[in-house]
>>> print(open('input38.cif').read())   # mmCIF, N, CA and C atoms
data_run
loop_
_atom_site.label_atom_id
_atom_site.label_comp_id
_atom_site.auth_asym_id
_atom_site.auth_seq_id
_atom_site.Cartn_x
_atom_site.Cartn_y
_atom_site.Cartn_z
N MET J 72 228.73 100.48 -42.33
CA MET J 72 228.60 101.33 -43.51
C MET J 72 227.37 102.22 -43.34
N SER J 73 227.50 103.50 -43.65
CA SER J 73 226.38 104.42 -43.52
C SER J 73 225.39 104.19 -44.66
N VAL J 74 224.18 104.71 -44.48
CA VAL J 74 223.14 104.59 -45.51
C VAL J 74 223.63 105.24 -46.81
N LYS J 75 224.25 106.41 -46.71
CA LYS J 75 224.75 107.08 -47.92
C LYS J 75 225.79 106.22 -48.64
N GLU J 76 226.64 105.55 -47.87
CA GLU J 76 227.66 104.67 -48.48
C GLU J 76 227.01 103.45 -49.12
N GLU J 77 225.97 102.88 -48.46
CA GLU J 77 225.26 101.74 -49.05
C GLU J 77 224.60 102.13 -50.37
N ILE J 78 223.99 103.31 -50.40
CA ILE J 78 223.34 103.80 -51.62
C ILE J 78 224.37 103.98 -52.73
N LYS J 79 225.49 104.61 -52.39
CA LYS J 79 226.56 104.84 -53.38
C LYS J 79 227.07 103.51 -53.94
N GLU J 80 227.28 102.53 -53.07
CA GLU J 80 227.77 101.22 -53.49
C GLU J 80 226.74 100.49 -54.37
N TYR J 81 225.46 100.58 -53.98
CA TYR J 81 224.39 99.95 -54.77
C TYR J 81 224.33 100.54 -56.18
N ILE J 82 224.34 101.86 -56.26
CA ILE J 82 224.28 102.50 -57.58
C ILE J 82 225.52 102.12 -58.40
N ALA J 83 226.69 102.15 -57.78
CA ALA J 83 227.93 101.81 -58.47
C ALA J 83 227.95 100.36 -58.97
N SER J 84 227.19 99.48 -58.31
CA SER J 84 227.17 98.07 -58.70
C SER J 84 226.31 97.80 -59.95
N GLN J 85 225.56 98.79 -60.39
CA GLN J 85 224.69 98.60 -61.55
C GLN J 85 225.49 98.73 -62.85
N PRO J 86 225.14 97.93 -63.85
CA PRO J 86 225.81 98.08 -65.15
C PRO J 86 225.32 99.35 -65.84
N GLU J 87 226.16 99.91 -66.68
CA GLU J 87 225.72 101.06 -67.49
C GLU J 87 224.75 100.55 -68.57
N PRO J 88 223.76 101.32 -68.99
CA PRO J 88 223.48 102.71 -68.60
C PRO J 88 222.63 102.84 -67.32
N LYS J 89 222.24 101.71 -66.74
CA LYS J 89 221.38 101.76 -65.55
C LYS J 89 222.05 102.52 -64.40
N ARG J 90 223.37 102.38 -64.26
CA ARG J 90 224.08 103.09 -63.19
C ARG J 90 223.87 104.59 -63.30
N SER J 91 224.08 105.14 -64.48
CA SER J 91 223.92 106.58 -64.68
C SER J 91 222.47 107.02 -64.47
N GLU J 92 221.54 106.19 -64.91
CA GLU J 92 220.12 106.53 -64.75
C GLU J 92 219.70 106.48 -63.28
N MET J 93 220.19 105.48 -62.55
CA MET J 93 219.88 105.40 -61.11
C MET J 93 220.48 106.60 -60.38
N GLN J 94 221.70 106.99 -60.75
CA GLN J 94 222.34 108.15 -60.14
C GLN J 94 221.52 109.41 -60.43
N ALA J 95 221.07 109.56 -61.67
CA ALA J 95 220.27 110.73 -62.04
C ALA J 95 218.95 110.74 -61.27
N LEU J 96 218.32 109.59 -61.13
CA LEU J 96 217.06 109.51 -60.39
C LEU J 96 217.26 109.77 -58.89
N HIS J 97 218.37 109.28 -58.36
CA HIS J 97 218.70 109.53 -56.96
C HIS J 97 218.83 111.05 -56.73
N GLN J 98 219.57 111.73 -57.61
CA GLN J 98 219.75 113.18 -57.49
C GLN J 98 218.42 113.91 -57.66
N LEU J 99 217.61 113.48 -58.62
CA LEU J 99 216.31 114.08 -58.87
C LEU J 99 215.42 113.97 -57.62
N THR J 100 215.43 112.80 -56.99
CA THR J 100 214.57 112.57 -55.83
C THR J 100 215.03 113.40 -54.64
N ILE J 101 216.32 113.49 -54.42
CA ILE J 101 216.85 114.34 -53.35
C ILE J 101 216.49 115.80 -53.59
N LYS J 102 216.54 116.23 -54.86
CA LYS J 102 216.18 117.61 -55.20
C LYS J 102 214.67 117.84 -54.99
N ALA J 103 213.86 116.84 -55.35
CA ALA J 103 212.41 116.97 -55.22
C ALA J 103 211.96 116.93 -53.76
N LEU J 104 212.73 116.22 -52.92
CA LEU J 104 212.37 116.05 -51.51
C LEU J 104 213.54 116.48 -50.61
N PRO J 105 213.87 117.77 -50.63
CA PRO J 105 215.04 118.22 -49.88
C PRO J 105 214.93 117.88 -48.39
N GLY J 106 216.04 117.39 -47.83
CA GLY J 106 216.08 117.08 -46.41
C GLY J 106 215.38 115.80 -46.00
N CYS J 107 214.95 115.00 -46.98
CA CYS J 107 214.22 113.77 -46.64
C CYS J 107 215.15 112.74 -46.00
N LYS J 108 214.56 111.87 -45.19
CA LYS J 108 215.33 110.78 -44.59
C LYS J 108 215.71 109.79 -45.70
N LEU J 109 216.95 109.30 -45.68
CA LEU J 109 217.40 108.29 -46.65
C LEU J 109 217.39 106.91 -45.99
N TRP J 110 217.03 105.90 -46.78
CA TRP J 110 216.98 104.52 -46.33
C TRP J 110 217.71 103.66 -47.36
N PHE J 111 218.12 102.48 -46.96
CA PHE J 111 218.58 101.48 -47.92
C PHE J 111 218.12 100.11 -47.44
N ASP J 112 217.34 99.45 -48.28
CA ASP J 112 216.87 98.09 -48.00
C ASP J 112 217.63 97.17 -48.94
N ASN J 113 218.46 96.29 -48.36
CA ASN J 113 219.30 95.42 -49.20
C ASN J 113 218.53 94.25 -49.82
N GLY J 114 217.24 94.14 -49.53
CA GLY J 114 216.41 93.11 -50.14
C GLY J 114 216.47 91.76 -49.44
N LYS J 115 217.14 91.70 -48.29
CA LYS J 115 217.27 90.42 -47.58
C LYS J 115 216.42 90.42 -46.30
N ASN J 116 215.89 89.23 -45.96
CA ASN J 116 215.12 89.12 -44.73
C ASN J 116 216.02 88.80 -43.55
N SER J 117 215.44 88.52 -42.39
CA SER J 117 216.24 88.28 -41.18
C SER J 117 217.10 87.02 -41.28
N ASP J 118 216.77 86.11 -42.20
CA ASP J 118 217.58 84.91 -42.43
C ASP J 118 218.64 85.13 -43.51
N ASN J 119 218.81 86.40 -43.94
CA ASN J 119 219.77 86.78 -44.98
C ASN J 119 219.42 86.19 -46.34
N LYS J 120 218.15 85.87 -46.54
CA LYS J 120 217.67 85.35 -47.82
C LYS J 120 217.12 86.53 -48.63
N THR J 121 217.48 86.59 -49.92
CA THR J 121 216.98 87.66 -50.78
C THR J 121 215.49 87.48 -51.03
N VAL J 122 214.71 88.51 -50.69
CA VAL J 122 213.27 88.44 -50.86
C VAL J 122 212.74 89.51 -51.83
N ASN J 123 213.55 90.50 -52.14
CA ASN J 123 213.18 91.52 -53.12
C ASN J 123 214.43 92.25 -53.59
N ASN J 124 214.28 93.04 -54.63
CA ASN J 124 215.41 93.82 -55.14
C ASN J 124 215.82 94.87 -54.11
N PRO J 125 217.12 95.17 -54.00
CA PRO J 125 217.53 96.26 -53.12
C PRO J 125 216.83 97.55 -53.52
N THR J 126 216.52 98.38 -52.54
CA THR J 126 215.76 99.60 -52.79
C THR J 126 216.34 100.76 -51.99
N ILE J 127 216.49 101.90 -52.67
CA ILE J 127 216.85 103.15 -52.00
C ILE J 127 215.53 103.79 -51.58
N GLY J 128 215.45 104.21 -50.32
CA GLY J 128 214.22 104.82 -49.83
C GLY J 128 214.42 106.28 -49.47
N TYR J 129 213.32 107.04 -49.59
CA TYR J 129 213.33 108.47 -49.32
C TYR J 129 212.09 108.84 -48.51
N GLY J 130 212.26 109.70 -47.53
CA GLY J 130 211.11 110.16 -46.75
C GLY J 130 210.78 109.20 -45.62
N PHE J 131 209.63 109.43 -45.00
CA PHE J 131 209.27 108.65 -43.83
C PHE J 131 207.76 108.64 -43.65
N TYR J 132 207.21 107.48 -43.34
CA TYR J 132 205.84 107.39 -42.87
C TYR J 132 205.67 106.10 -42.09
N THR J 133 204.57 106.01 -41.38
CA THR J 133 204.30 104.84 -40.56
C THR J 133 203.21 104.02 -41.21
N ILE J 134 203.51 102.78 -41.53
CA ILE J 134 202.52 101.86 -42.07
C ILE J 134 201.70 101.34 -40.89
N LYS J 135 200.39 101.36 -41.03
CA LYS J 135 199.52 100.77 -40.01
C LYS J 135 198.89 99.52 -40.60
N TYR J 136 199.15 98.39 -39.97
CA TYR J 136 198.59 97.11 -40.44
C TYR J 136 197.23 96.86 -39.80
N ALA J 137 196.45 95.98 -40.43
CA ALA J 137 195.11 95.67 -39.95
C ALA J 137 195.11 95.12 -38.52
N ASP J 138 196.18 94.43 -38.14
CA ASP J 138 196.25 93.85 -36.79
C ASP J 138 196.66 94.88 -35.73
N GLY J 139 196.81 96.14 -36.15
CA GLY J 139 197.15 97.19 -35.21
C GLY J 139 198.64 97.49 -35.10
N LYS J 140 199.48 96.60 -35.64
CA LYS J 140 200.92 96.83 -35.57
C LYS J 140 201.30 97.96 -36.53
N THR J 141 202.44 98.60 -36.25
CA THR J 141 202.93 99.67 -37.12
C THR J 141 204.37 99.40 -37.50
N ARG J 142 204.80 100.03 -38.56
CA ARG J 142 206.17 99.89 -39.02
C ARG J 142 206.60 101.19 -39.69
N ASP J 143 207.76 101.70 -39.34
CA ASP J 143 208.30 102.88 -40.00
C ASP J 143 208.90 102.44 -41.33
N PHE J 144 208.67 103.24 -42.37
CA PHE J 144 209.12 102.88 -43.70
C PHE J 144 209.33 104.13 -44.54
N PHE J 145 209.91 103.97 -45.72
CA PHE J 145 210.09 105.10 -46.63
C PHE J 145 208.83 105.33 -47.45
N LYS J 146 208.69 106.54 -47.98
CA LYS J 146 207.54 106.89 -48.82
C LYS J 146 207.83 106.67 -50.30
N ILE J 147 209.07 106.93 -50.72
CA ILE J 147 209.47 106.79 -52.11
C ILE J 147 210.59 105.76 -52.16
N GLY J 148 210.50 104.81 -53.09
CA GLY J 148 211.54 103.81 -53.26
C GLY J 148 212.05 103.81 -54.69
N LEU J 149 213.33 103.55 -54.86
CA LEU J 149 213.96 103.50 -56.17
C LEU J 149 214.74 102.20 -56.26
N SER J 150 214.41 101.39 -57.27
CA SER J 150 215.02 100.07 -57.36
C SER J 150 215.28 99.68 -58.81
N ALA J 151 216.46 99.13 -59.04
CA ALA J 151 216.80 98.58 -60.36
C ALA J 151 216.28 97.14 -60.41
N ASN J 152 215.78 96.73 -61.57
CA ASN J 152 215.35 95.34 -61.73
C ASN J 152 215.83 94.84 -63.09
N LYS J 153 215.55 93.60 -63.40
CA LYS J 153 216.07 93.00 -64.64
C LYS J 153 215.65 93.74 -65.89
N THR J 154 214.43 94.27 -65.90
CA THR J 154 213.92 94.90 -67.11
C THR J 154 213.99 96.43 -67.10
N GLY J 155 214.45 97.02 -66.01
CA GLY J 155 214.51 98.48 -65.97
C GLY J 155 214.61 99.02 -64.56
N ILE J 156 213.78 100.02 -64.29
CA ILE J 156 213.80 100.71 -63.00
C ILE J 156 212.37 100.84 -62.49
N SER J 157 212.22 100.68 -61.17
CA SER J 157 210.92 100.88 -60.53
C SER J 157 211.03 102.02 -59.53
N VAL J 158 210.01 102.88 -59.56
CA VAL J 158 209.88 103.94 -58.56
C VAL J 158 208.60 103.64 -57.79
N TYR J 159 208.75 103.41 -56.49
CA TYR J 159 207.61 103.09 -55.63
C TYR J 159 207.17 104.35 -54.91
N ILE J 160 205.88 104.60 -54.93
CA ILE J 160 205.30 105.74 -54.22
C ILE J 160 204.28 105.17 -53.26
N LEU J 161 204.68 105.08 -52.00
CA LEU J 161 203.90 104.38 -51.00
C LEU J 161 203.08 105.34 -50.14
N GLY J 162 202.03 104.81 -49.56
CA GLY J 162 201.22 105.59 -48.62
C GLY J 162 200.08 106.36 -49.25
N ILE J 163 199.78 106.13 -50.52
CA ILE J 163 198.67 106.81 -51.18
C ILE J 163 197.43 105.93 -51.03
N LYS J 164 196.39 106.46 -50.41
CA LYS J 164 195.18 105.67 -50.17
C LYS J 164 194.42 105.34 -51.46
N ASP J 165 194.34 106.30 -52.38
CA ASP J 165 193.61 106.10 -53.64
C ASP J 165 194.51 105.36 -54.62
N LYS J 166 194.26 104.08 -54.81
CA LYS J 166 195.12 103.23 -55.65
C LYS J 166 195.01 103.55 -57.14
N LYS J 167 194.08 104.40 -57.55
CA LYS J 167 193.95 104.78 -58.96
C LYS J 167 194.64 106.11 -59.24
N TYR J 168 195.03 106.82 -58.19
CA TYR J 168 195.54 108.18 -58.33
C TYR J 168 196.76 108.28 -59.25
N LEU J 169 197.77 107.46 -59.03
CA LEU J 169 199.00 107.55 -59.83
C LEU J 169 198.72 107.34 -61.31
N ALA J 170 198.00 106.27 -61.63
CA ALA J 170 197.71 105.96 -63.03
C ALA J 170 196.86 107.05 -63.67
N GLU J 171 195.84 107.51 -62.94
CA GLU J 171 194.94 108.53 -63.50
C GLU J 171 195.60 109.89 -63.64
N THR J 172 196.46 110.24 -62.71
CA THR J 172 197.06 111.57 -62.70
C THR J 172 198.32 111.66 -63.57
N TYR J 173 199.15 110.61 -63.55
CA TYR J 173 200.45 110.68 -64.22
C TYR J 173 200.62 109.68 -65.36
N GLY J 174 199.83 108.61 -65.37
CA GLY J 174 200.02 107.51 -66.30
C GLY J 174 200.14 107.89 -67.77
N LYS J 175 199.18 108.62 -68.28
CA LYS J 175 199.17 108.96 -69.71
C LYS J 175 200.27 109.95 -70.08
N LYS J 176 200.69 110.77 -69.12
CA LYS J 176 201.69 111.82 -69.39
C LYS J 176 203.12 111.31 -69.22
N LEU J 177 203.28 110.14 -68.60
CA LEU J 177 204.63 109.63 -68.29
C LEU J 177 205.40 109.12 -69.50
N GLY J 178 204.70 108.59 -70.47
CA GLY J 178 205.39 107.97 -71.60
C GLY J 178 205.31 106.46 -71.49
N LYS J 179 206.37 105.77 -71.91
CA LYS J 179 206.38 104.31 -71.92
C LYS J 179 206.71 103.78 -70.53
N ALA J 180 205.66 103.73 -69.69
CA ALA J 180 205.82 103.27 -68.31
C ALA J 180 204.58 102.48 -67.91
N SER J 181 204.77 101.54 -67.03
CA SER J 181 203.68 100.79 -66.43
C SER J 181 203.41 101.43 -65.07
N VAL J 182 202.14 101.78 -64.81
CA VAL J 182 201.80 102.46 -63.58
C VAL J 182 200.72 101.68 -62.84
N THR J 183 201.03 101.29 -61.60
CA THR J 183 200.04 100.60 -60.76
C THR J 183 199.66 101.55 -59.61
N GLY J 184 199.01 101.02 -58.61
CA GLY J 184 198.58 101.84 -57.48
C GLY J 184 199.72 102.47 -56.71
N TYR J 185 200.92 101.86 -56.79
CA TYR J 185 202.05 102.40 -56.02
C TYR J 185 203.40 102.30 -56.75
N CYS J 186 203.41 101.87 -58.01
CA CYS J 186 204.68 101.65 -58.69
C CYS J 186 204.66 102.21 -60.11
N ILE J 187 205.75 102.88 -60.47
CA ILE J 187 205.98 103.35 -61.84
C ILE J 187 207.21 102.60 -62.33
N LYS J 188 207.01 101.79 -63.37
CA LYS J 188 208.08 100.94 -63.88
C LYS J 188 208.36 101.31 -65.34
N PHE J 189 209.64 101.44 -65.68
CA PHE J 189 210.02 101.78 -67.04
C PHE J 189 211.38 101.17 -67.36
N LYS J 190 211.66 101.07 -68.65
CA LYS J 190 212.91 100.44 -69.08
C LYS J 190 214.10 101.39 -68.96
N THR J 191 213.91 102.61 -69.43
CA THR J 191 215.00 103.59 -69.47
C THR J 191 214.43 105.00 -69.35
N LEU J 192 215.23 105.92 -68.85
CA LEU J 192 214.77 107.31 -68.71
C LEU J 192 214.36 107.93 -70.04
N LYS J 193 214.96 107.47 -71.13
CA LYS J 193 214.62 108.02 -72.45
C LYS J 193 213.16 107.76 -72.81
N ASP J 194 212.55 106.75 -72.18
CA ASP J 194 211.17 106.36 -72.50
C ASP J 194 210.11 107.18 -71.78
N ILE J 195 210.54 108.00 -70.79
CA ILE J 195 209.54 108.69 -69.98
C ILE J 195 209.78 110.20 -69.94
N ASN J 196 208.74 110.90 -69.50
CA ASN J 196 208.82 112.34 -69.28
C ASN J 196 209.32 112.54 -67.84
N ILE J 197 210.55 112.95 -67.71
CA ILE J 197 211.19 113.06 -66.39
C ILE J 197 210.51 114.11 -65.51
N ASP J 198 209.95 115.17 -66.11
CA ASP J 198 209.26 116.19 -65.32
C ASP J 198 207.99 115.63 -64.69
N VAL J 199 207.30 114.76 -65.41
CA VAL J 199 206.09 114.13 -64.87
C VAL J 199 206.48 113.17 -63.74
N LEU J 200 207.56 112.41 -63.94
CA LEU J 200 208.03 111.51 -62.89
C LEU J 200 208.40 112.31 -61.64
N GLU J 201 209.09 113.43 -61.81
CA GLU J 201 209.46 114.26 -60.68
C GLU J 201 208.22 114.78 -59.94
N ALA J 202 207.19 115.15 -60.70
CA ALA J 202 205.94 115.62 -60.08
C ALA J 202 205.30 114.50 -59.25
N ALA J 203 205.32 113.28 -59.75
CA ALA J 203 204.76 112.14 -59.02
C ALA J 203 205.57 111.88 -57.75
N ILE J 204 206.88 111.95 -57.84
CA ILE J 204 207.76 111.75 -56.67
C ILE J 204 207.49 112.84 -55.64
N ARG J 205 207.40 114.07 -56.09
CA ARG J 205 207.15 115.19 -55.18
C ARG J 205 205.79 115.01 -54.48
N TYR J 206 204.78 114.63 -55.26
CA TYR J 206 203.46 114.38 -54.69
C TYR J 206 203.53 113.27 -53.62
N GLY J 207 204.15 112.16 -53.97
CA GLY J 207 204.25 111.03 -53.05
C GLY J 207 205.02 111.36 -51.79
N GLY J 208 206.05 112.15 -51.93
CA GLY J 208 206.86 112.53 -50.78
C GLY J 208 206.15 113.49 -49.85
N GLN J 209 205.23 114.25 -50.40
CA GLN J 209 204.50 115.23 -49.59
C GLN J 209 203.15 114.70 -49.12
N GLU J 210 202.66 113.64 -49.78
CA GLU J 210 201.37 113.05 -49.42
C GLU J 210 201.44 112.53 -47.98
N GLN J 211 200.48 112.94 -47.16
CA GLN J 211 200.54 112.57 -45.74
C GLN J 211 199.62 111.41 -45.38
N ASN J 212 198.90 110.85 -46.34
CA ASN J 212 198.05 109.71 -46.01
C ASN J 212 198.88 108.55 -45.55
N GLU J 213 198.34 107.78 -44.64
CA GLU J 213 199.05 106.59 -44.16
C GLU J 213 198.45 105.37 -44.82
N LYS J 214 199.28 104.40 -45.05
CA LYS J 214 198.89 103.19 -45.75
C LYS J 214 198.40 102.14 -44.75
N SER J 215 197.34 101.49 -45.10
CA SER J 215 196.85 100.38 -44.27
C SER J 215 196.98 99.10 -45.08
N GLU J 216 197.43 98.05 -44.45
CA GLU J 216 197.59 96.76 -45.12
C GLU J 216 196.45 95.85 -44.75
#
>>> encode(input="input38.cif", output="structure tokens")
Amino acid sequence: MSVKEEIKEYIASQPEPKRSEMQALHQLTIKALPGCKLWFDNGKNSDNKTVNNPTIGYGFYTIKYADGKTRDFFKIGLSANKTGISVYILGIKDKKYLAETYGKKLGKASVTGYCIKFKTLKDINIDVLEAAIRYGGQEQNEKSE
């Protein structure tokens, strides 16, 4: 199955209204980051055990770990969870940047150093979310673990 097919199947597996909101966010992210690499992480480890929620990924960067190892990964992640939707913006060195720049303008959302979490699209300012996604997708800093 291709990445695009996995993404389509994942979105289709969500109950409404989350399905429609995930589809809208997927389209918004593709529009904000034209030509970006698409990823799909099914949330399972090498033993086929679920370790996190499935995530749609966008863009590309290389994570550099403290031990010198590297890993290719996505910059923006979109994931449905029990209480809503999470948008991950990875690779930003300043862990206060998202909250300070977008937090107050987003609406009813929880913002950490790399994650914007909200219950429904109606609760947030979609233009501000798009600006954060665009920033994260274009941000060239590499993440160190």
>>> select_by_dssp(input="input38.cif", residues="chain J", states="helix (DSSP H, G or I)", output="VMD selection string")
chain J and resid 74 to 83 89 to 103 168 to 177 192 to 194 197 to 209
>>> write_last_selection(input="input38.cif", atoms="N, CA and C atoms", output="short mmCIF file (atom, residue, chain, number, x, y, z; two decimals), in the coordinates of the input")
data_model
loop_
_atom_site.label_atom_id
_atom_site.label_comp_id
_atom_site.auth_asym_id
_atom_site.auth_seq_id
_atom_site.Cartn_x
_atom_site.Cartn_y
_atom_site.Cartn_z
N VAL J 74 224.18 104.71 -44.48
CA VAL J 74 223.14 104.59 -45.51
C VAL J 74 223.63 105.24 -46.81
N LYS J 75 224.25 106.41 -46.71
CA LYS J 75 224.75 107.08 -47.92
C LYS J 75 225.79 106.22 -48.64
N GLU J 76 226.64 105.55 -47.87
CA GLU J 76 227.66 104.67 -48.48
C GLU J 76 227.01 103.45 -49.12
N GLU J 77 225.97 102.88 -48.46
CA GLU J 77 225.26 101.74 -49.05
C GLU J 77 224.60 102.13 -50.37
N ILE J 78 223.99 103.31 -50.40
CA ILE J 78 223.34 103.80 -51.62
C ILE J 78 224.37 103.98 -52.73
N LYS J 79 225.49 104.61 -52.39
CA LYS J 79 226.56 104.84 -53.38
C LYS J 79 227.07 103.51 -53.94
N GLU J 80 227.28 102.53 -53.07
CA GLU J 80 227.77 101.22 -53.49
C GLU J 80 226.74 100.49 -54.37
N TYR J 81 225.46 100.58 -53.98
CA TYR J 81 224.39 99.95 -54.77
C TYR J 81 224.33 100.54 -56.18
N ILE J 82 224.34 101.86 -56.26
CA ILE J 82 224.28 102.50 -57.58
C ILE J 82 225.52 102.12 -58.40
N ALA J 83 226.69 102.15 -57.78
CA ALA J 83 227.93 101.81 -58.47
C ALA J 83 227.95 100.36 -58.97
N LYS J 89 222.24 101.71 -66.74
CA LYS J 89 221.38 101.76 -65.55
C LYS J 89 222.05 102.52 -64.40
N ARG J 90 223.37 102.38 -64.26
CA ARG J 90 224.08 103.09 -63.19
C ARG J 90 223.87 104.59 -63.30
N SER J 91 224.08 105.14 -64.48
CA SER J 91 223.92 106.58 -64.68
C SER J 91 222.47 107.02 -64.47
N GLU J 92 221.54 106.19 -64.91
CA GLU J 92 220.12 106.53 -64.75
C GLU J 92 219.70 106.48 -63.28
N MET J 93 220.19 105.48 -62.55
CA MET J 93 219.88 105.40 -61.11
C MET J 93 220.48 106.60 -60.38
N GLN J 94 221.70 106.99 -60.75
CA GLN J 94 222.34 108.15 -60.14
C GLN J 94 221.52 109.41 -60.43
N ALA J 95 221.07 109.56 -61.67
CA ALA J 95 220.27 110.73 -62.04
C ALA J 95 218.95 110.74 -61.27
N LEU J 96 218.32 109.59 -61.13
CA LEU J 96 217.06 109.51 -60.39
C LEU J 96 217.26 109.77 -58.89
N HIS J 97 218.37 109.28 -58.36
CA HIS J 97 218.70 109.53 -56.96
C HIS J 97 218.83 111.05 -56.73
N GLN J 98 219.57 111.73 -57.61
CA GLN J 98 219.75 113.18 -57.49
C GLN J 98 218.42 113.91 -57.66
N LEU J 99 217.61 113.48 -58.62
CA LEU J 99 216.31 114.08 -58.87
C LEU J 99 215.42 113.97 -57.62
N THR J 100 215.43 112.80 -56.99
CA THR J 100 214.57 112.57 -55.83
C THR J 100 215.03 113.40 -54.64
N ILE J 101 216.32 113.49 -54.42
CA ILE J 101 216.85 114.34 -53.35
C ILE J 101 216.49 115.80 -53.59
N LYS J 102 216.54 116.23 -54.86
CA LYS J 102 216.18 117.61 -55.20
C LYS J 102 214.67 117.84 -54.99
N ALA J 103 213.86 116.84 -55.35
CA ALA J 103 212.41 116.97 -55.22
C ALA J 103 211.96 116.93 -53.76
N TYR J 168 195.03 106.82 -58.19
CA TYR J 168 195.54 108.18 -58.33
C TYR J 168 196.76 108.28 -59.25
N LEU J 169 197.77 107.46 -59.03
CA LEU J 169 199.00 107.55 -59.83
C LEU J 169 198.72 107.34 -61.31
N ALA J 170 198.00 106.27 -61.63
CA ALA J 170 197.71 105.96 -63.03
C ALA J 170 196.86 107.05 -63.67
N GLU J 171 195.84 107.51 -62.94
CA GLU J 171 194.94 108.53 -63.50
C GLU J 171 195.60 109.89 -63.64
N THR J 172 196.46 110.24 -62.71
CA THR J 172 197.06 111.57 -62.70
C THR J 172 198.32 111.66 -63.57
N TYR J 173 199.15 110.61 -63.55
CA TYR J 173 200.45 110.68 -64.22
C TYR J 173 200.62 109.68 -65.36
N GLY J 174 199.83 108.61 -65.37
CA GLY J 174 200.02 107.51 -66.30
C GLY J 174 200.14 107.89 -67.77
N LYS J 175 199.18 108.62 -68.28
CA LYS J 175 199.17 108.96 -69.71
C LYS J 175 200.27 109.95 -70.08
N LYS J 176 200.69 110.77 -69.12
CA LYS J 176 201.69 111.82 -69.39
C LYS J 176 203.12 111.31 -69.22
N LEU J 177 203.28 110.14 -68.60
CA LEU J 177 204.63 109.63 -68.29
C LEU J 177 205.40 109.12 -69.50
N LEU J 192 215.23 105.92 -68.85
CA LEU J 192 214.77 107.31 -68.71
C LEU J 192 214.36 107.93 -70.04
N LYS J 193 214.96 107.47 -71.13
CA LYS J 193 214.62 108.02 -72.45
C LYS J 193 213.16 107.76 -72.81
N ASP J 194 212.55 106.75 -72.18
CA ASP J 194 211.17 106.36 -72.50
C ASP J 194 210.11 107.18 -71.78
N ILE J 197 210.55 112.95 -67.71
CA ILE J 197 211.19 113.06 -66.39
C ILE J 197 210.51 114.11 -65.51
N ASP J 198 209.95 115.17 -66.11
CA ASP J 198 209.26 116.19 -65.32
C ASP J 198 207.99 115.63 -64.69
N VAL J 199 207.30 114.76 -65.41
CA VAL J 199 206.09 114.13 -64.87
C VAL J 199 206.48 113.17 -63.74
N LEU J 200 207.56 112.41 -63.94
CA LEU J 200 208.03 111.51 -62.89
C LEU J 200 208.40 112.31 -61.64
N GLU J 201 209.09 113.43 -61.81
CA GLU J 201 209.46 114.26 -60.68
C GLU J 201 208.22 114.78 -59.94
N ALA J 202 207.19 115.15 -60.70
CA ALA J 202 205.94 115.62 -60.08
C ALA J 202 205.30 114.50 -59.25
N ALA J 203 205.32 113.28 -59.75
CA ALA J 203 204.76 112.14 -59.02
C ALA J 203 205.57 111.88 -57.75
N ILE J 204 206.88 111.95 -57.84
CA ILE J 204 207.76 111.75 -56.67
C ILE J 204 207.49 112.84 -55.64
N ARG J 205 207.40 114.07 -56.09
CA ARG J 205 207.15 115.19 -55.18
C ARG J 205 205.79 115.01 -54.48
N TYR J 206 204.78 114.63 -55.26
CA TYR J 206 203.46 114.38 -54.69
C TYR J 206 203.53 113.27 -53.62
N GLY J 207 204.15 112.16 -53.97
CA GLY J 207 204.25 111.03 -53.05
C GLY J 207 205.02 111.36 -51.79
N GLY J 208 206.05 112.15 -51.93
CA GLY J 208 206.86 112.53 -50.78
C GLY J 208 206.15 113.49 -49.85
N GLN J 209 205.23 114.25 -50.40
CA GLN J 209 204.50 115.23 -49.59
C GLN J 209 203.15 114.70 -49.12
#
>>> closest_atom_pairs(input="input38.cif", of="region 82-162 of chain J", to="region 170-190 of chain J", cutoff="7 Å", atoms="all atoms listed in the file", output="JSON lines")
{"residue": "J:Thr154", "atom": "C", "partner": "J:Lys190", "partner_atom": "CA", "distance": 4.6}
{"residue": "J:Gly155", "atom": "CA", "partner": "J:Lys190", "partner_atom": "CA", "distance": 4.0}
{"residue": "J:Ile156", "atom": "N", "partner": "J:Phe189", "partner_atom": "C", "distance": 4.1}
{"residue": "J:Ser157", "atom": "CA", "partner": "J:Lys188", "partner_atom": "CA", "distance": 4.4}
{"residue": "J:Val158", "atom": "N", "partner": "J:Ile187", "partner_atom": "C", "distance": 3.9}
{"residue": "J:Tyr159", "atom": "CA", "partner": "J:Tyr185", "partner_atom": "C", "distance": 4.4}
{"residue": "J:Ile160", "atom": "N", "partner": "J:Tyr185", "partner_atom": "C", "distance": 3.8}
{"residue": "J:Leu161", "atom": "N", "partner": "J:Tyr185", "partner_atom": "CA", "distance": 5.5}
{"residue": "J:Gly162", "atom": "N", "partner": "J:Tyr185", "partner_atom": "CA", "distance": 6.9}
>>> atom_distance(input="input38.cif", atom1="CA of Phe131 (chain J)", atom2="CA of Trp110 (chain J)")
9.1 Å
>>> resolve_selection(input="input38.cif", expression="the PyMOL selection byres (((chain J and resi 198-209 and name CA) around 8) and name CA)", output="number ranges by chain")
J: 99-100, 103-104, 129-130, 146-147, 160-163, 169, 173, 176-177, 195-197, 210-211
>>> closest_residue(input="input38.cif", among="J:Glu80, J:Arg90, J:Thr133, J:Thr141", to="Asn113 (chain J)", atoms="only C-alpha atoms")
J:Glu80
